[in-house]
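Listing of final39.json; format and content: JSON, C-alpha atoms.
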[["chain", "number", "residue", "atom", "x", "y", "z"],
["A", 6, "MET", "CA", -70.42, 57.37, -5.70],
["A", 7, "THR", "CA", -68.37, 57.88, -2.56],
["A", 8, "THR", "CA", -65.03, 59.65, -2.92],
["A", 9, "VAL", "CA", -62.43, 58.81, -0.28],
["A", 10, "LEU", "CA", -59.23, 60.71, 0.46],
["A", 11, "GLY", "CA", -56.49, 59.18, 2.60],
["A", 12, "ILE", "CA", -53.78, 61.51, 3.90],
["A", 13, "SER", "CA", -50.36, 60.19, 4.95],
["A", 14, "PRO", "CA", -47.83, 62.38, 6.73],
["A", 15, "HIS", "CA", -45.19, 59.87, 5.48],
["A", 16, "THR", "CA", -45.18, 57.36, 2.69],
["A", 17, "ASP", "CA", -46.48, 54.33, 4.63],
["A", 18, "ASP", "CA", -48.86, 55.75, 7.24],
["A", 19, "LEU", "CA", -52.19, 55.27, 5.47],
["A", 20, "GLU", "CA", -51.42, 51.64, 4.61],
["A", 21, "LEU", "CA", -50.47, 50.89, 8.21],
["A", 22, "GLY", "CA", -53.43, 52.61, 9.83],
["A", 23, "ALA", "CA", -56.18, 52.04, 7.27],
["A", 24, "GLY", "CA", -54.88, 49.74, 4.52],
["A", 25, "GLY", "CA", -57.56, 47.09, 4.87],
["A", 26, "THR", "CA", -60.32, 49.67, 5.10],
["A", 27, "ILE", "CA", -59.04, 51.43, 1.98],
["A", 28, "ILE", "CA", -59.09, 48.10, 0.14],
["A", 29, "ARG", "CA", -62.70, 47.63, 1.25],
["A", 30, "HIS", "CA", -63.52, 51.04, -0.23],
["A", 31, "LEU", "CA", -61.88, 50.02, -3.51],
["A", 32, "ASP", "CA", -63.75, 46.71, -3.57],
["A", 33, "ALA", "CA", -67.01, 48.64, -3.08],
["A", 34, "GLY", "CA", -66.28, 50.71, -6.18],
["A", 35, "HIS", "CA", -65.47, 53.92, -4.32],
["A", 36, "THR", "CA", -63.04, 56.44, -5.80],
["A", 37, "VAL", "CA", -59.92, 56.58, -3.61],
["A", 38, "PHE", "CA", -57.11, 59.14, -3.61],
["A", 39, "HIS", "CA", -53.93, 58.98, -1.54],
["A", 40, "VAL", "CA", -52.06, 62.10, -0.46],
["A", 41, "VAL", "CA", -48.47, 61.83, 0.82],
["A", 42, "CYS", "CA", -46.95, 64.88, 2.51],
["A", 43, "THR", "CA", -43.32, 63.85, 2.86],
["A", 44, "GLU", "CA", -41.04, 60.85, 2.53],
["A", 45, "ALA", "CA", -40.27, 58.39, 5.33],
["A", 46, "ILE", "CA", -36.66, 57.94, 6.40],
["A", 47, "PRO", "CA", -35.21, 54.74, 4.85],
["A", 48, "VAL", "CA", -33.68, 52.36, 7.39],
["A", 49, "VAL", "CA", -32.61, 49.55, 5.04],
["A", 50, "ALA", "CA", -29.71, 50.26, 2.68],
["A", 51, "GLY", "CA", -29.78, 49.34, -0.99],
["A", 52, "THR", "CA", -33.54, 49.71, -1.46],
["A", 53, "GLU", "CA", -35.64, 52.01, -3.59],
["A", 54, "THR", "CA", -36.56, 55.34, -2.02],
["A", 55, "PRO", "CA", -39.71, 55.27, 0.13],
["A", 56, "PHE", "CA", -41.49, 57.46, -2.40],
["A", 57, "GLU", "CA", -40.62, 55.11, -5.26],
["A", 58, "GLU", "CA", -41.98, 52.29, -3.12],
["A", 59, "CYS", "CA", -45.11, 54.32, -2.43],
["A", 60, "GLU", "CA", -45.66, 54.92, -6.14],
["A", 61, "LYS", "CA", -45.45, 51.20, -6.85],
["A", 62, "ALA", "CA", -47.69, 50.41, -3.89],
["A", 63, "ALA", "CA", -50.33, 52.88, -5.07],
["A", 64, "LYS", "CA", -50.21, 51.42, -8.57],
["A", 65, "TRP", "CA", -50.60, 47.91, -7.13],
["A", 66, "ALA", "CA", -53.61, 49.03, -5.09],
["A", 67, "GLY", "CA", -55.18, 51.02, -7.93],
["A", 68, "ILE", "CA", -55.09, 54.37, -6.14],
["A", 69, "SER", "CA", -54.35, 57.84, -7.52],
["A", 70, "LEU", "CA", -51.35, 59.23, -5.62],
["A", 71, "PHE", "CA", -50.63, 62.89, -4.90],
["A", 72, "SER", "CA", -47.44, 64.15, -3.25],
["A", 73, "ARG", "CA", -45.79, 67.40, -2.25],
["A", 74, "LYS", "CA", -42.72, 65.80, -0.69],
["A", 75, "HIS", "CA", -40.30, 68.15, -2.42],
["A", 76, "LEU", "CA", -42.25, 71.23, -1.39],
["A", 77, "LEU", "CA", -42.92, 70.24, 2.18],
["A", 78, "GLY", "CA", -39.44, 69.16, 3.17],
["A", 79, "ALA", "CA", -37.99, 66.43, 5.33],
["A", 80, "THR", "CA", -39.52, 64.16, 7.94],
["A", 81, "ARG", "CA", -40.24, 65.86, 11.31],
["A", 82, "ASN", "CA", -40.32, 69.31, 9.67],
["A", 83, "LEU", "CA", -43.92, 69.57, 8.45],
["A", 84, "HIS", "CA", -44.69, 72.08, 11.20],
["A", 85, "GLN", "CA", -42.47, 74.53, 9.32],
["A", 86, "HIS", "CA", -44.79, 74.29, 6.31],
["A", 87, "ARG", "CA", -48.22, 74.66, 7.92],
["A", 88, "GLN", "CA", -49.61, 77.29, 5.57],
["A", 89, "GLU", "CA", -48.39, 75.47, 2.46],
["A", 90, "LEU", "CA", -49.94, 72.27, 3.81],
["A", 91, "LEU", "CA", -53.27, 73.95, 4.54],
["A", 92, "ASP", "CA", -53.35, 75.66, 1.14],
["A", 93, "TRP", "CA", -52.61, 72.35, -0.56],
["A", 94, "PHE", "CA", -55.34, 70.54, 1.37],
["A", 95, "LEU", "CA", -57.86, 73.25, 0.50],
["A", 96, "ALA", "CA", -56.92, 73.00, -3.17],
["A", 97, "LEU", "CA", -57.31, 69.21, -3.05],
["A", 98, "LYS", "CA", -60.74, 69.61, -1.47],
["A", 99, "GLN", "CA", -61.82, 71.77, -4.38],
["A", 100, "THR", "CA", -60.34, 69.40, -6.96],
["A", 101, "LEU", "CA", -61.27, 66.01, -5.49],
["A", 102, "ASN", "CA", -64.40, 66.91, -3.45],
["A", 103, "PRO", "CA", -64.02, 63.97, -1.02],
["A", 104, "ASP", "CA", -66.92, 62.68, 1.06],
["A", 105, "LEU", "CA", -64.73, 60.89, 3.61],
["A", 106, "VAL", "CA", -61.20, 61.81, 4.65],
["A", 107, "TYR", "CA", -58.80, 59.63, 6.63],
["A", 108, "ILE", "CA", -56.14, 61.50, 8.64],
["A", 109, "PRO", "CA", -53.97, 60.64, 11.67],
["A", 110, "SER", "CA", -55.98, 60.55, 14.88],
["A", 111, "SER", "CA", -55.95, 63.32, 17.47],
["A", 112, "PHE", "CA", -54.18, 60.92, 19.87],
["A", 113, "THR", "CA", -50.88, 60.92, 17.97],
["A", 114, "THR", "CA", -47.72, 62.50, 19.38],
["A", 115, "HIS", "CA", -45.50, 62.42, 16.27],
["A", 116, "GLN", "CA", -44.87, 66.02, 15.25],
["A", 117, "ASP", "CA", -45.62, 65.44, 11.54],
["A", 118, "HIS", "CA", -48.80, 63.51, 12.34],
["A", 119, "VAL", "CA", -49.95, 66.23, 14.73],
["A", 120, "THR", "CA", -49.44, 68.87, 12.03],
["A", 121, "VAL", "CA", -51.33, 66.84, 9.41],
["A", 122, "TYR", "CA", -54.16, 66.21, 11.88],
["A", 123, "GLU", "CA", -54.47, 69.91, 12.76],
["A", 124, "GLU", "CA", -54.26, 71.27, 9.21],
["A", 125, "GLY", "CA", -56.37, 68.37, 7.90],
["A", 126, "PHE", "CA", -59.12, 69.27, 10.35],
["A", 127, "ARG", "CA", -58.99, 72.92, 9.34],
["A", 128, "ALA", "CA", -59.25, 72.06, 5.65],
["A", 129, "PHE", "CA", -61.80, 69.24, 5.80],
["A", 130, "LYS", "CA", -63.95, 70.11, 8.83],
["A", 131, "ASP", "CA", -67.02, 70.19, 6.56],
["A", 132, "ARG", "CA", -66.43, 66.54, 5.51],
["A", 133, "SER", "CA", -66.53, 63.25, 7.37],
["A", 134, "LEU", "CA", -63.16, 62.84, 9.08],
["A", 135, "HIS", "CA", -61.92, 59.56, 10.52],
["A", 136, "GLY", "CA", -58.61, 59.28, 12.37],
["A", 137, "TYR", "CA", -56.49, 56.16, 11.94],
["A", 138, "GLU", "CA", -54.21, 54.90, 14.68],
["A", 139, "ASP", "CA", -50.44, 54.60, 14.85],
["A", 140, "PRO", "CA", -49.93, 52.91, 18.23],
["A", 141, "TRP", "CA", -46.17, 53.42, 18.26],
["A", 142, "ASN", "CA", -46.89, 57.18, 18.43],
["A", 143, "ASN", "CA", -50.19, 57.33, 20.36],
["A", 144, "ARG", "CA", -50.32, 58.35, 24.01],
["A", 145, "SER", "CA", -53.73, 56.62, 24.11],
["A", 146, "PHE", "CA", -56.46, 55.70, 21.63],
["A", 147, "SER", "CA", -60.26, 55.64, 21.99],
["A", 148, "PRO", "CA", -61.70, 54.15, 18.79],
["A", 149, "THR", "CA", -65.33, 54.75, 17.89],
["A", 150, "ARG", "CA", -65.42, 52.88, 14.56],
["A", 151, "PHE", "CA", -64.28, 49.33, 13.84],
["A", 152, "VAL", "CA", -63.90, 47.88, 10.34],
["A", 153, "GLU", "CA", -63.77, 44.09, 10.05],
["A", 154, "LEU", "CA", -61.20, 42.49, 7.76],
["A", 155, "ASP", "CA", -61.38, 38.87, 6.66],
["A", 156, "ARG", "CA", -58.35, 36.73, 5.86],
["A", 157, "GLY", "CA", -58.25, 37.89, 2.25],
["A", 158, "LEU", "CA", -58.42, 41.57, 3.15],
["A", 159, "VAL", "CA", -55.75, 41.40, 5.84],
["A", 160, "GLY", "CA", -53.55, 39.40, 3.45],
["A", 161, "ARG", "CA", -53.87, 42.13, 0.83],
["A", 162, "LYS", "CA", -53.00, 44.74, 3.46],
["A", 163, "VAL", "CA", -49.82, 42.81, 4.28],
["A", 164, "LEU", "CA", -48.99, 42.59, 0.55],
["A", 165, "TRP", "CA", -49.50, 46.34, 0.23],
["A", 166, "LEU", "CA", -47.11, 46.98, 3.11],
["A", 167, "SER", "CA", -44.56, 44.56, 1.65],
["A", 168, "HIS", "CA", -43.73, 47.16, -1.02],
["A", 169, "TYR", "CA", -41.88, 49.16, 1.65],
["A", 170, "LYS", "CA", -38.58, 47.29, 1.72],
["A", 171, "SER", "CA", -36.82, 50.41, 3.01],
["A", 172, "GLN", "CA", -38.92, 50.22, 6.20],
["A", 173, "SER", "CA", -38.93, 46.45, 6.67],
["A", 174, "THR", "CA", -36.86, 46.35, 9.87],
["A", 175, "ARG", "CA", -39.19, 48.66, 11.78],
["A", 176, "GLU", "CA", -41.07, 46.64, 14.37],
["A", 177, "TYR", "CA", -44.48, 48.01, 13.41],
["A", 178, "MET", "CA", -43.95, 46.92, 9.79],
["A", 179, "ARG", "CA", -43.49, 43.26, 10.70],
["A", 180, "MET", "CA", -46.36, 41.00, 9.67],
["A", 181, "MET", "CA", -46.79, 39.72, 13.24],
["A", 182, "SER", "CA", -47.25, 43.27, 14.53],
["A", 183, "VAL", "CA", -49.84, 44.07, 11.86],
["A", 184, "LEU", "CA", -51.76, 40.85, 12.47],
["A", 185, "SER", "CA", -51.61, 41.16, 16.27],
["A", 186, "LEU", "CA", -53.05, 44.67, 16.27],
["A", 187, "GLY", "CA", -55.73, 43.54, 13.83],
["A", 188, "LYS", "CA", -56.69, 40.65, 16.12],
["A", 189, "SER", "CA", -56.85, 42.96, 19.13],
["A", 190, "ARG", "CA", -59.18, 45.37, 17.32],
["A", 191, "ALA", "CA", -61.35, 42.48, 16.12],
["A", 192, "LEU", "CA", -61.66, 41.19, 19.67],
["A", 193, "ALA", "CA", -63.02, 44.57, 20.74],
["A", 194, "MET", "CA", -65.85, 44.25, 18.19],
["A", 195, "GLY", "CA", -66.54, 40.58, 18.95],
["A", 196, "SER", "CA", -65.08, 39.24, 15.70],
["A", 197, "ARG", "CA", -62.91, 36.18, 15.05],
["A", 198, "ASN", "CA", -61.33, 37.90, 12.03],
["A", 199, "TRP", "CA", -59.16, 41.04, 12.05],
["A", 200, "ALA", "CA", -60.12, 44.71, 12.18],
["A", 201, "GLU", "CA", -58.91, 48.28, 11.96],
["A", 202, "ALA", "CA", -60.06, 50.93, 14.42],
["A", 203, "PHE", "CA", -60.71, 54.63, 13.91],
["A", 204, "GLU", "CA", -61.51, 57.76, 15.83],
["A", 205, "VAL", "CA", -64.60, 59.35, 14.29],
["A", 206, "ILE", "CA", -63.47, 62.97, 14.45],
["A", 207, "ARG", "CA", -66.46, 64.27, 12.51],
["A", 208, "GLU", "CA", -69.34, 62.65, 10.65],
["A", 209, "VAL", "CA", -71.12, 64.74, 8.01],
["A", 210, "ASP", "CA", -74.28, 63.43, 6.33],
["A", 211, "ARG", "CA", -75.46, 65.79, 3.61],
["A", 212, "ILE", "CA", -78.73, 65.87, 1.68],
["A", 213, "VAL", "CA", -77.99, 64.80, -1.88]]
Would you encode the structure as structure tokens?
Amino acid sequence: MTTVLGISPHTDDLELGAGGTIIRHLDAGHTVFHVVCTEAIPVVAGTETPFEECEKAAKWAGISLFSRKHLLGATRNLHQHRQELLDWFLALKQTLNPDLVYIPSSFTTHQDHVTVYEEGFRAFKDRSLHGYEDPWNNRSFSPTRFVELDRGLVGRKVLWLSHYKSQSTREYMRMMSVLSLGKSRALAMGSRNWAEAFEVIREVDRIV
């Protein structure tokens, strides 16, 4: 059975970049774990905290959630915790033994995403590593894997993201933004549906 690990610098990154693909893994019976490094900054008053939202979202999706948000500090400061982050990732590799790991792509410019990409590569360079996109942070993006999403899958992705009320006014969280990017990626693969795109950072195929 395939074990999948998705790593989010902040509480909503994996859902945005790979939510539909993660749902496809779940539907295929794969074991999926979600790692969150720190909490997003809330922009809507009177909501639950982003981590509380993330916990409910993970429960809704049926994913085991791991977090070190209290250890690793505030948003935009992950670079100050590189060794702790690497040590944690190495411990998770030993505990979870993932076959496929999703991390931010190498094209990102957000300081937290860059740190997670760099330390994630160091920790999981002996596993298959696929980088998800965050176009609001990317200087460019050259995808080498496309995952098709039908109407049901993209609808479930939108439902997953809807748990993040504290982030709802961000432009990239709006349903139209999610659907438009999905259509653009589907067009690139010749599909009339939706899609998510990934940078294949490393592909490891072991003898079982």
For Ser69 of chain A, the nearest of the candidates A:Leu90, A:Leu31, A:Ala45, A:Lys98, counting only C-alpha atoms: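 Checking each candidate against Ser69 of chain A, we get A:Leu31 as the closest.
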Residue neighbourhood Val152 of chain A, 8 Å, only C-alpha atoms, exclusion window fewer than 6 positions, as a list in words: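 Close residues of Val152 of chain A: Thr26, Ala200, Glu201 and Ala202 of chain A.
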Each residue of segment 57-117 of chain A lying at most 9 Å from segment 167-173 of chain A should get a row with its shortest atom-to-atom pair and the distance in Å to one decimal, counting all atoms listed in the file; could you produce that, ordered by chain and increasing number, as CSV?
residue,atom,partner,partner_atom,distance
A:Glu58,CA,A:Tyr169,CA,5.7
A:Cys59,CA,A:Tyr169,CA,7.3
A:Lys61,CA,A:His168,CA,7.3
A:Ala62,CA,A:His168,CA,5.9
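Among the candidate residues A:His84, A:Arg190, A:Arg132, A:Arg207, the one lying nearest to Asp104 of chain A is A:Arg132, with distances computed using only C-alpha atoms.
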Atom CA of Phe112 of chain A to atom CA of Leu184 of chain A, straight-line distance in Å: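 Atom-to-atom, atom CA of Leu184 of chain A to atom CA of Phe112 of chain A, that is 21.5 Å.
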Two-atom distance - atom CA of Trp141 of chain A, atom CA of Ser72 of chain A (Å): 24.1 Å
Given only C-alpha atoms as the counted atoms, nearest of A:Leu83, A:Leu97, A:Val41, A:Ala50 to Leu70 of chain A: A:Val41
Contacts of Phe146 of chain A within 9 Å, all atoms listed in the file, excl. fewer than 4 positions in-chain, as a PyMOL selection string: chain A and resi 110-113+138+140+203-204
Selected residue, from A:Asn143, A:Thr16, A:Ser133, A:Gln88, that lies nearest to Thr54 of chain A when counting all atoms listed in the file: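 Result for the nearest residue to Thr54 of chain A: A:Thr16.
Counting from atom CA of Glu124 of chain A, the distance to atom CA of Arg81 of chain A is 15.2 Å.
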Which residue of A:Glu53, A:Val37, A:Val205, A:Thr174 approaches Phe126 of chain A most closely, using only C-alpha atoms: A:Val205
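The residue that comes closest to His15 of chain A, out of A:Trp65, A:Tyr107, A:Phe38, A:Phe56 and on the basis of all atoms listed in the file, is A:Phe56.
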Produce the centre coordinates and the three edge lengths, each in Å to one decimal, of the box along x, y and z that contains all listed atoms of segment 168-185 of chain A with 6 Å added on each side, as AutoDock Vina command-line options.
--center_x -44.3 --center_y 45.1 --center_z 7.6 --size_x 26.9 --size_y 22.7 --size_z 29.3
Per-residue nearest contacts segment 55-108 of chain A to segment 7-13 of chain A, cut-off 8 Å, using all atoms listed in the file, as CSV:
residue,atom,partner,partner_atom,distance
A:Leu101,CA,A:Thr8,CA,7.8
A:Asn102,CA,A:Thr8,CA,7.3
A:Pro103,CA,A:Thr8,CA,4.8
A:Asp104,CA,A:Thr8,CA,5.3
A:Leu105,CA,A:Val9,CA,5.0
A:Val106,CA,A:Leu10,CA,4.8
A:Tyr107,CA,A:Gly11,CA,4.7
A:Ile108,CA,A:Ile12,CA,5.3
Can I get the selected residues back with C-alpha atoms, as a PDB file, in the coordinates of the input?
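Printed below is out_3.pdb as written:
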ATOM      1  CA  LEU A 101     -61.270  66.010  -5.490  1.00  0.00           C
ATOM      2  CA  ASN A 102     -64.400  66.910  -3.450  1.00  0.00           C
ATOM      3  CA  PRO A 103     -64.020  63.970  -1.020  1.00  0.00           C
ATOM      4  CA  ASP A 104     -66.920  62.680   1.060  1.00  0.00           C
ATOM      5  CA  LEU A 105     -64.730  60.890   3.610  1.00  0.00           C
ATOM      6  CA  VAL A 106     -61.200  61.810   4.650  1.00  0.00           C
ATOM      7  CA  TYR A 107     -58.800  59.630   6.630  1.00  0.00           C
ATOM      8  CA  ILE A 108     -56.140  61.500   8.640  1.00  0.00           C
TER       9      ILE A 108
END
Atom completion result for segment 33-61 of chain A (N, CA and C atoms) as an mmCIF file, keeping the file's coordinate frame:
data_model
loop_
_atom_site.group_PDB
_atom_site.id
_atom_site.type_symbol
_atom_site.label_atom_id
_atom_site.label_comp_id
_atom_site.auth_asym_id
_atom_site.auth_seq_id
_atom_site.Cartn_x
_atom_site.Cartn_y
_atom_site.Cartn_z
ATOM 1 N N ALA A 33 -65.627 48.151 -2.991
ATOM 2 C CA ALA A 33 -67.010 48.640 -3.080
ATOM 3 C C ALA A 33 -67.223 49.577 -4.257
ATOM 4 N N GLY A 34 -66.166 49.845 -5.015
ATOM 5 C CA GLY A 34 -66.280 50.710 -6.180
ATOM 6 C C GLY A 34 -66.133 52.187 -5.883
ATOM 7 N N HIS A 35 -65.665 52.521 -4.676
ATOM 8 C CA HIS A 35 -65.470 53.920 -4.320
ATOM 9 C C HIS A 35 -64.217 54.470 -5.001
ATOM 10 N N THR A 36 -64.219 55.763 -5.266
ATOM 11 C CA THR A 36 -63.040 56.440 -5.800
ATOM 12 C C THR A 36 -62.124 56.796 -4.637
ATOM 13 N N VAL A 37 -60.861 56.377 -4.714
ATOM 14 C CA VAL A 37 -59.920 56.580 -3.610
ATOM 15 C C VAL A 37 -58.695 57.344 -4.102
ATOM 16 N N PHE A 38 -58.331 58.380 -3.359
ATOM 17 C CA PHE A 38 -57.110 59.140 -3.610
ATOM 18 C C PHE A 38 -56.219 59.065 -2.387
ATOM 19 N N HIS A 39 -54.912 59.071 -2.620
ATOM 20 C CA HIS A 39 -53.930 58.980 -1.540
ATOM 21 C C HIS A 39 -53.010 60.189 -1.624
ATOM 22 N N VAL A 40 -52.912 60.921 -0.539
ATOM 23 C CA VAL A 40 -52.060 62.100 -0.460
ATOM 24 C C VAL A 40 -50.888 61.797 0.473
ATOM 25 N N VAL A 41 -49.674 62.040 0.016
ATOM 26 C CA VAL A 41 -48.470 61.830 0.820
ATOM 27 C C VAL A 41 -47.771 63.176 0.987
ATOM 28 N N CYS A 42 -47.500 63.553 2.236
ATOM 29 C CA CYS A 42 -46.950 64.880 2.510
ATOM 30 C C CYS A 42 -45.436 64.935 2.444
ATOM 31 N N THR A 43 -44.770 63.885 2.916
ATOM 32 C CA THR A 43 -43.320 63.850 2.860
ATOM 33 C C THR A 43 -42.852 62.395 2.898
ATOM 34 N N GLU A 44 -41.582 62.196 2.683
ATOM 35 C CA GLU A 44 -41.040 60.850 2.530
ATOM 36 C C GLU A 44 -40.529 60.311 3.862
ATOM 37 N N ALA A 45 -40.814 59.036 4.125
ATOM 38 C CA ALA A 45 -40.270 58.390 5.330
ATOM 39 C C ALA A 45 -38.745 58.286 5.225
ATOM 40 N N ILE A 46 -38.108 58.113 6.365
ATOM 41 C CA ILE A 46 -36.660 57.940 6.400
ATOM 42 C C ILE A 46 -36.334 56.468 6.142
ATOM 43 N N PRO A 47 -35.552 56.147 5.097
ATOM 44 C CA PRO A 47 -35.210 54.740 4.850
ATOM 45 C C PRO A 47 -34.287 54.205 5.936
ATOM 46 N N VAL A 48 -34.527 52.973 6.347
ATOM 47 C CA VAL A 48 -33.680 52.360 7.390
ATOM 48 C C VAL A 48 -32.990 51.102 6.874
ATOM 49 N N VAL A 49 -33.264 50.705 5.648
ATOM 50 C CA VAL A 49 -32.610 49.550 5.040
ATOM 51 C C VAL A 49 -31.852 50.035 3.817
ATOM 52 N N ALA A 50 -30.538 49.802 3.789
ATOM 53 C CA ALA A 50 -29.710 50.260 2.680
ATOM 54 C C ALA A 50 -29.971 49.429 1.425
ATOM 55 N N GLY A 51 -29.711 50.058 0.269
ATOM 56 C CA GLY A 51 -29.780 49.340 -0.990
ATOM 57 C C GLY A 51 -31.186 49.110 -1.520
ATOM 58 N N THR A 52 -32.166 49.846 -1.001
ATOM 59 C CA THR A 52 -33.540 49.710 -1.460
ATOM 60 C C THR A 52 -33.920 50.907 -2.318
ATOM 61 N N GLU A 53 -35.098 50.837 -2.924
ATOM 62 C CA GLU A 53 -35.640 52.010 -3.590
ATOM 63 C C GLU A 53 -35.966 53.062 -2.528
ATOM 64 N N THR A 54 -36.159 54.308 -2.972
ATOM 65 C CA THR A 54 -36.560 55.340 -2.020
ATOM 66 C C THR A 54 -37.981 55.044 -1.546
ATOM 67 N N PRO A 55 -38.346 55.496 -0.338
ATOM 68 C CA PRO A 55 -39.710 55.270 0.130
ATOM 69 C C PRO A 55 -40.772 55.822 -0.814
ATOM 70 N N PHE A 56 -40.488 56.936 -1.486
ATOM 71 C CA PHE A 56 -41.490 57.460 -2.400
ATOM 72 C C PHE A 56 -41.624 56.582 -3.646
ATOM 73 N N GLU A 57 -40.529 56.059 -4.145
ATOM 74 C CA GLU A 57 -40.620 55.110 -5.260
ATOM 75 C C GLU A 57 -41.420 53.878 -4.856
ATOM 76 N N GLU A 58 -41.199 53.417 -3.632
ATOM 77 C CA GLU A 58 -41.980 52.290 -3.120
ATOM 78 C C GLU A 58 -43.450 52.655 -3.029
ATOM 79 N N CYS A 59 -43.729 53.862 -2.569
ATOM 80 C CA CYS A 59 -45.110 54.320 -2.430
ATOM 81 C C CYS A 59 -45.803 54.404 -3.780
ATOM 82 N N GLU A 60 -45.085 54.869 -4.793
ATOM 83 C CA GLU A 60 -45.660 54.920 -6.140
ATOM 84 C C GLU A 60 -46.035 53.533 -6.631
ATOM 85 N N LYS A 61 -45.160 52.574 -6.424
ATOM 86 C CA LYS A 61 -45.450 51.200 -6.850
ATOM 87 C C LYS A 61 -46.589 50.605 -6.042
#
